[in-house]
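Novice: Just so it is clear, I am handing over input35.pdb, which has PDB, C-alpha atoms.
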ATOM      1  CA  MET A 209      -1.331   3.290 -12.582
ATOM      2  CA  ALA A 210      -4.962   2.360 -13.070
ATOM      3  CA  LEU A 211      -5.238   5.055 -15.740
ATOM      4  CA  ALA A 212      -2.101   3.724 -17.456
ATOM      5  CA  ALA A 213      -3.689   0.269 -17.645
ATOM      6  CA  ARG A 214      -6.845   1.886 -19.043
ATOM      7  CA  ALA A 215      -4.809   3.735 -21.690
ATOM      8  CA  ALA A 216      -2.985   0.505 -22.562
ATOM      9  CA  MET A 217      -6.318  -1.280 -22.942
ATOM     10  CA  GLN A 218      -7.385   1.378 -25.431
ATOM     11  CA  GLY A 219      -4.061   1.108 -27.246
ATOM     12  CA  ALA A 220      -3.131   4.700 -26.449
ATOM     13  CA  ARG A 221       0.636   4.258 -26.464
ATOM     14  CA  ARG A 222       1.683   7.828 -25.685
ATOM     15  CA  ALA A 223      -0.766   8.228 -22.815
ATOM     16  CA  THR A 224       0.383   4.865 -21.419
ATOM     17  CA  VAL A 225       4.019   5.971 -21.354
ATOM     18  CA  LEU A 226       3.161   9.342 -19.787
ATOM     19  CA  LEU A 227       0.956   7.781 -17.120
ATOM     20  CA  LEU A 228       3.555   5.090 -16.309
ATOM     21  CA  VAL A 229       6.259   7.727 -15.856
ATOM     22  CA  THR A 230       3.870   9.761 -13.663
ATOM     23  CA  THR A 231       3.219   6.624 -11.597
ATOM     24  CA  ALA A 232       6.964   6.075 -11.126
ATOM     25  CA  ALA A 233       7.420   9.751 -10.168
ATOM     26  CA  LEU A 234       4.669   9.543  -7.548
ATOM     27  CA  GLY A 235       6.223   6.336  -6.215
ATOM     28  CA  ALA A 236       9.604   8.066  -6.005
ATOM     29  CA  ALA A 237       7.992  11.000  -4.145
ATOM     30  CA  PHE A 238       6.559   8.546  -1.621
ATOM     31  CA  ALA A 239       9.980   6.912  -1.204
ATOM     32  CA  ALA A 240      11.619  10.321  -0.715
ATOM     33  CA  ILE A 241       9.116  11.241   2.014
ATOM     34  CA  LYS A 242       9.667   7.834   3.638
ATOM     35  CA  LEU A 243      13.465   8.231   3.629
ATOM     36  CA  THR A 244      13.152  11.750   5.087
ATOM     37  CA  GLU A 245      11.031  10.237   7.831
ATOM     38  CA  TYR A 246      13.694   7.564   8.479
ATOM     39  CA  GLY A 247      16.227  10.390   8.820
ATOM     40  CA  LEU A 248      14.021  12.118  11.407
ATOM     41  CA  ASP A 249      13.578   8.811  13.281
ATOM     42  CA  TYR A 250      17.336   8.392  13.376
ATOM     43  CA  ARG A 251      17.835  11.887  14.774
ATOM     44  CA  GLU A 252      15.219  11.181  17.454
ATOM     45  CA  HIS A 253      17.039   7.950  18.421
ATOM     46  CA  LEU A 254      14.206   5.676  17.387
ATOM     47  CA  VAL A 255      16.109   3.135  15.276
ATOM     48  CA  PRO A 256      16.397  -0.217  17.108
ATOM     49  CA  LEU A 257      19.872  -1.844  17.293
ATOM     50  CA  LEU A 258      21.449   1.153  15.570
ATOM     51  CA  ASN A 259      20.503   4.240  17.500
ATOM     52  CA  PHE A 260      17.839   3.654  20.121
ATOM     53  CA  ASP A 261      17.145   5.701  23.218
ATOM     54  CA  PHE A 262      13.682   5.779  24.756
ATOM     55  CA  ASP A 263      12.005   6.492  28.089
ATOM     56  CA  PRO A 264      13.083   3.349  30.036
ATOM     57  CA  ARG A 265       9.524   2.817  31.319
ATOM     58  CA  TYR A 266       8.312   2.137  27.778
ATOM     59  CA  ALA A 267      11.566   1.183  26.083
ATOM     60  CA  ARG A 268      10.733  -2.531  25.669
ATOM     61  CA  GLY A 269       7.404  -1.944  23.943
ATOM     62  CA  ALA A 270       8.804   0.889  21.866
ATOM     63  CA  PHE A 271      11.703  -1.317  20.784
ATOM     64  CA  VAL A 272       9.275  -3.947  19.478
ATOM     65  CA  PHE A 273       7.073  -1.305  17.833
ATOM     66  CA  PHE A 274       9.927   0.399  16.011
ATOM     67  CA  GLY A 275      11.450  -2.959  15.105
ATOM     68  CA  LEU A 276       8.178  -3.918  13.422
ATOM     69  CA  TYR A 277       7.829  -0.406  11.982
ATOM     70  CA  PHE A 278      11.191  -0.538  10.244
ATOM     71  CA  THR A 279      10.772  -4.149   9.113
ATOM     72  CA  THR A 280       7.352  -3.624   7.556
ATOM     73  CA  THR A 281       7.904  -0.171   6.045
ATOM     74  CA  GLY A 282      11.403  -1.206   4.911
ATOM     75  CA  LEU A 283      10.051  -4.297   3.155
ATOM     76  CA  HIS A 284       7.322  -2.139   1.606
ATOM     77  CA  LEU A 285       9.956   0.355   0.465
ATOM     78  CA  VAL A 286      12.010  -2.418  -1.191
ATOM     79  CA  HIS A 287       8.916  -3.582  -3.079
ATOM     80  CA  LEU A 288       8.177  -0.003  -4.077
ATOM     81  CA  ALA A 289      11.712   0.391  -5.454
ATOM     82  CA  ILE A 290      11.300  -2.835  -7.471
ATOM     83  CA  GLY A 291       7.941  -1.523  -8.715
ATOM     84  CA  ILE A 292       9.401   1.809  -9.825
ATOM     85  CA  GLY A 293      12.148  -0.055 -11.720
ATOM     86  CA  ILE A 294       9.687  -2.319 -13.530
ATOM     87  CA  VAL A 295       7.224   0.511 -14.269
ATOM     88  CA  LEU A 296      10.018   2.542 -15.881
ATOM     89  CA  THR A 297      11.275  -0.506 -17.796
ATOM     90  CA  ILE A 298       7.803  -1.136 -19.221
ATOM     91  CA  ALA A 299       7.385   2.569 -20.048
ATOM     92  CA  TRP A 300      10.655   2.368 -21.972
ATOM     93  CA  ARG A 301       9.546  -0.816 -23.745
ATOM     94  CA  VAL A 302       6.198   0.725 -24.735
ATOM     95  CA  GLN A 303       7.918   3.905 -25.913
ATOM     96  CA  HIS A 304      10.222   1.897 -28.203
ATOM     97  CA  ARG A 305       7.540  -0.608 -29.242
ATOM     98  CA  LEU A 306       9.468  -3.496 -27.684
ATOM     99  CA  GLU A 307       6.617  -4.910 -25.610
ATOM    100  CA  ASN A 308       5.107  -8.307 -26.333
ATOM    101  CA  ALA A 309       1.526  -7.421 -25.482
ATOM    102  CA  LEU A 310       0.779  -3.841 -24.484
ATOM    103  CA  PHE A 311      -2.169  -4.393 -22.163
ATOM    104  CA  ASP A 312      -0.839  -7.584 -20.548
ATOM    105  CA  GLU A 313       2.439  -5.985 -19.530
ATOM    106  CA  VAL A 314       0.884  -2.839 -18.102
ATOM    107  CA  GLU A 315      -1.911  -4.819 -16.437
ATOM    108  CA  THR A 316       0.576  -7.187 -14.783
ATOM    109  CA  ILE A 317       2.766  -4.467 -13.279
ATOM    110  CA  GLY A 318      -0.503  -2.741 -12.344
ATOM    111  CA  LEU A 319      -1.537  -5.759 -10.275
ATOM    112  CA  TYR A 320       1.842  -5.713  -8.509
ATOM    113  CA  TRP A 321       1.664  -1.955  -7.913
ATOM    114  CA  HIS A 322      -1.868  -2.137  -6.481
ATOM    115  CA  PHE A 323      -0.900  -5.083  -4.300
ATOM    116  CA  VAL A 324       1.940  -3.085  -2.756
ATOM    117  CA  ASP A 325      -0.581  -0.261  -2.347
ATOM    118  CA  ILE A 326      -2.989  -2.545  -0.465
ATOM    119  CA  VAL A 327      -0.171  -3.539   1.872
ATOM    120  CA  TRP A 328       0.324   0.156   2.597
ATOM    121  CA  ILE A 329      -3.440   0.648   3.115
ATOM    122  CA  PHE A 330      -3.217  -1.805   6.025
ATOM    123  CA  LEU A 331       0.191  -0.699   7.324
ATOM    124  CA  TYR A 332      -0.991   2.891   7.618
ATOM    125  CA  PRO A 333      -3.625   2.327  10.356
ATOM    126  CA  CYS A 334      -1.389  -0.261  12.054
ATOM    127  CA  LEU A 335       1.632   2.033  12.352
ATOM    128  CA  TYR A 336       0.515   5.637  12.043
ATOM    129  CA  LEU A 337      -2.924   5.802  13.597
ATOM    130  CA  VAL A 338      -2.176   4.160  16.948
ATOM    131  CA  SER A 339      -3.446   6.680  19.469
ATOM    132  CA  PRO A 340      -2.421   6.726  23.133
ATOM    133  CA  SER A 341      -6.026   6.036  24.198
TER
ATOM    134  CA  MET B 289     -12.615  -6.310 -22.147
ATOM    135  CA  THR B 290     -14.572  -3.471 -20.564
ATOM    136  CA  ALA B 291     -12.795  -0.168 -19.993
ATOM    137  CA  LEU B 292     -14.162   1.830 -17.073
ATOM    138  CA  SER B 293     -14.936   5.474 -17.765
ATOM    139  CA  LEU B 294     -12.495   8.167 -16.730
ATOM    140  CA  ARG B 295     -15.201   9.503 -14.433
ATOM    141  CA  THR B 296     -15.262   6.212 -12.510
ATOM    142  CA  TYR B 297     -11.504   6.339 -11.903
ATOM    143  CA  ILE B 298     -11.719   9.923 -10.648
ATOM    144  CA  ALA B 299     -14.672   9.014  -8.401
ATOM    145  CA  VAL B 300     -12.721   6.078  -6.933
ATOM    146  CA  TRP B 301      -9.708   8.323  -6.334
ATOM    147  CA  ILE B 302     -11.867  10.930  -4.574
ATOM    148  CA  ALA B 303     -13.490   8.176  -2.494
ATOM    149  CA  LEU B 304     -10.024   6.923  -1.462
ATOM    150  CA  MET B 305      -8.983  10.453  -0.466
ATOM    151  CA  VAL B 306     -12.199  10.958   1.551
ATOM    152  CA  LEU B 307     -11.571   7.633   3.326
ATOM    153  CA  VAL B 308      -8.017   8.728   4.205
ATOM    154  CA  ALA B 309      -9.460  11.947   5.663
ATOM    155  CA  ILE B 310     -12.000   9.933   7.687
ATOM    156  CA  THR B 311      -9.455   7.483   9.055
ATOM    157  CA  CYS B 312      -6.899  10.200   9.816
ATOM    158  CA  GLY B 313      -9.486  12.546  11.342
ATOM    159  CA  SER B 314     -11.065   9.824  13.473
ATOM    160  CA  SER B 315      -7.709   9.031  15.077
ATOM    161  CA  PHE B 316      -7.875  12.436  16.794
ATOM    162  CA  LEU B 317     -11.202  11.545  18.425
ATOM    163  CA  PRO B 318     -11.020   9.570  21.685
ATOM    164  CA  LEU B 319     -13.220   6.625  20.687
ATOM    165  CA  GLY B 320     -11.349   4.010  22.694
ATOM    166  CA  ARG B 321     -11.483   0.635  20.992
ATOM    167  CA  PHE B 322     -13.659   2.019  18.235
ATOM    168  CA  ASN B 323     -10.665   3.890  16.821
ATOM    169  CA  VAL B 324      -9.277   0.528  15.782
ATOM    170  CA  VAL B 325     -12.650  -0.597  14.426
ATOM    171  CA  VAL B 326     -13.043   2.582  12.354
ATOM    172  CA  ASN B 327      -9.452   2.388  11.076
ATOM    173  CA  PHE B 328      -9.773  -1.199   9.890
ATOM    174  CA  ALA B 329     -13.255  -0.699   8.455
ATOM    175  CA  VAL B 330     -11.880   2.204   6.409
ATOM    176  CA  ALA B 331      -8.797   0.198   5.401
ATOM    177  CA  LEU B 332     -11.040  -2.658   4.273
ATOM    178  CA  ALA B 333     -13.208  -0.275   2.243
ATOM    179  CA  LYS B 334     -10.131   1.231   0.582
ATOM    180  CA  ALA B 335      -8.668  -2.206  -0.159
ATOM    181  CA  LEU B 336     -11.976  -3.332  -1.693
ATOM    182  CA  LEU B 337     -12.083  -0.259  -3.961
ATOM    183  CA  VAL B 338      -8.538  -0.951  -5.141
ATOM    184  CA  ILE B 339      -9.054  -4.704  -5.560
ATOM    185  CA  LEU B 340     -12.453  -4.607  -7.262
ATOM    186  CA  LEU B 341     -11.934  -1.610  -9.563
ATOM    187  CA  PHE B 342      -8.209  -0.854  -9.967
ATOM    188  CA  MET B 343      -7.248  -4.531 -10.037
ATOM    189  CA  ARG B 344     -10.450  -5.238 -11.983
ATOM    190  CA  LEU B 345     -11.477  -8.242  -9.898
ATOM    191  CA  LEU B 346     -15.091  -7.112 -10.317
ATOM    192  CA  PHE B 347     -14.788  -7.981 -14.006
ATOM    193  CA  GLY B 348     -12.585 -11.028 -13.526
ATOM    194  CA  THR B 349     -13.556 -14.622 -14.173
ATOM    195  CA  THR B 350     -14.804 -16.789 -11.318
ATOM    196  CA  MET B 351     -11.443 -18.594 -11.375
ATOM    197  CA  THR B 352      -9.561 -15.314 -10.813
ATOM    198  CA  ARG B 353     -11.829 -14.449  -7.893
ATOM    199  CA  VAL B 354     -11.362 -17.889  -6.340
ATOM    200  CA  VAL B 355      -7.580 -17.590  -6.598
ATOM    201  CA  ALA B 356      -7.693 -14.107  -5.002
ATOM    202  CA  LEU B 357      -9.915 -15.421  -2.201
ATOM    203  CA  ILE B 358      -7.488 -18.279  -1.536
ATOM    204  CA  GLY B 359      -4.771 -15.674  -0.995
ATOM    205  CA  VAL B 360      -6.939 -13.754   1.489
ATOM    206  CA  PHE B 361      -7.905 -17.000   3.239
ATOM    207  CA  THR B 362      -4.281 -18.139   3.570
ATOM    208  CA  LEU B 363      -3.321 -14.743   4.983
ATOM    209  CA  ALA B 364      -6.234 -14.978   7.446
ATOM    210  CA  ILE B 365      -4.903 -18.351   8.671
ATOM    211  CA  LEU B 366      -1.432 -16.859   9.191
ATOM    212  CA  VAL B 367      -2.874 -13.865  11.070
ATOM    213  CA  CYS B 368      -4.990 -16.148  13.273
ATOM    214  CA  LEU B 369      -1.970 -18.326  14.088
ATOM    215  CA  SER B 370       0.019 -15.211  15.038
ATOM    216  CA  LEU B 371      -2.841 -13.987  17.211
ATOM    217  CA  THR B 372      -2.882 -17.237  19.198
ATOM    218  CA  ASP B 373       0.505 -16.148  20.554
ATOM    219  CA  PHE B 374      -0.791 -12.660  21.309
ATOM    220  CA  ALA B 375      -3.882 -14.063  23.062
ATOM    221  CA  VAL B 376      -2.137 -16.468  25.454
ATOM    222  CA  ARG B 377       1.121 -14.639  26.183
ATOM    223  CA  GLY B 378       1.435 -13.586  29.813
ATOM    224  CA  PRO B 379       2.590 -10.195  31.064
TER
END
Produce structure tokens that represent the structure in this file.
Specialist:
Amino acid sequence: MALAARAAMQGARRATVLLLVTTAALGAAFAAIKLTEYGLDYREHLVPLLNFDFDPRYARGAFVFFGLYFTTTGLHLVHLAIGIGIVLTIAWRVQHRLENALFDEVETIGLYWHFVDIVWIFLYPCLYLVSPS
Amino acid sequence: MTALSLRTYIAVWIALMVLVAITCGSSFLPLGRFNVVVNFAVALAKALLVILLFMRLLFGTTMTRVVALIGVFTLAILVCLSLTDFAVRGP
């Protein structure tokens, strides 16, 4: 994404389109991994309200944790899906020379994309790196 | 408008990957409370790299920086208010 904005700044139209499509593909790969993980969670009965079965000694805490886990990652996933849609739309607009201002458009979606990334940077230690210690 | 060199972008990407390795690796070490400290220090470093270089805040106007800081400050207030509940809630 950052490289796409750089290419747009330099007016390199073809590189911009290629890098935007790559960005969308990487985003889609992330979403696919995330959905696979949701599937595994479901099979392990970790989805609150829908399919939840946990060691009763820790069930209350686990219920809150997985509730927060699905709320935060789900909201992140929705934003990612919106991002992929807009990135592809702008790639299409640049490809067909329909954009109003090349750098501004790519830079703006770049800011959104990086913001969603920063959210993930903080979600990752909060949700994935909690050790039993 | 200054364009950063390709080398800078690659260096930032490598730095982000190294930080992921550090944060992920450190979670396997039993550091007690310091696990959390390390994780959030690394997250902060990663966020700063993204904000300052990828989002180009380092080259932004003072106004842009002020607006970004207001966002961080507002979020900090919300987090603090949430933590008041966490701090006083009984067992």
Novice: Using all atoms listed in the file for the distances, tell me which of B:Asn323, B:Ala291, B:Pro318, B:Ile298 is nearest to Phe347 of chain B.
Specialist: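 Ranked by minimum distance to Phe347 of chain B, first place goes to B:Ala291.
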Novice: Using only C-alpha atoms, determine which residues of chain A fall within 7 Å of chain B; present them as a ChimeraX atom specification.
Specialist: /A:210,214,319,322,326,329-330,333,337,339,341
Novice: Determine the residue membership of the PyMOL selection byres ((chain A and resi 257-262) around 12) for the file above and supply it as a PyMOL selection string.
Specialist: chain A and resi 246-256+263-275+278
Novice: Looking at A:Tyr336, A:Leu243, A:Phe323, A:Gln218, which one is nearest to Gly359 of chain B, with distances taken over only C-alpha atoms?
Specialist: A:Phe323
Novice: Show which residues sit within 12 Å of Leu234 of chain A, as a list in words. Count only C-alpha atoms, and ignore same-chain residues fewer than 4 positions away.
Specialist: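 Once the adjacent positions are removed, what remains is Met209, Leu227, Leu228, Val229, Thr230, Phe238, Ala239, Ala240, Ile241, Leu288, Ala289, Gly291, Ile292, Val295 and Trp321 of chain A.
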Novice: What does the structure give for the distance between atom CA of Ala299 of chain A and atom CA of Leu226 of chain A, in Å to one decimal?
Specialist: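 The value is 8.0 Å.
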Novice: I'd like the neighbourhood of segment 303-306 of chain A as a PyMOL selection string, where a residue qualifies if any of its atoms comes within 9 Å (using only C-alpha atoms), though same-chain residues fewer than 2 positions away should be ignored.
Specialist: chain A and resi 221-222+224-225+298-301+308+310
Novice: Report, in Å with one decimal, the straight-line distance from atom CA of Tyr320 of chain A to atom CA of Leu283 of chain A.
Specialist: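 Separating atom CA of Tyr320 of chain A from atom CA of Leu283 of chain A is a distance of 14.3 Å.
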Novice: One number please: atom CA of Gly235 of chain A to atom CA of Gly318 of chain A, in Å, one decimal.
Specialist: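 Between atom CA of Gly235 of chain A and atom CA of Gly318 of chain A the gap works out to 12.9 Å.
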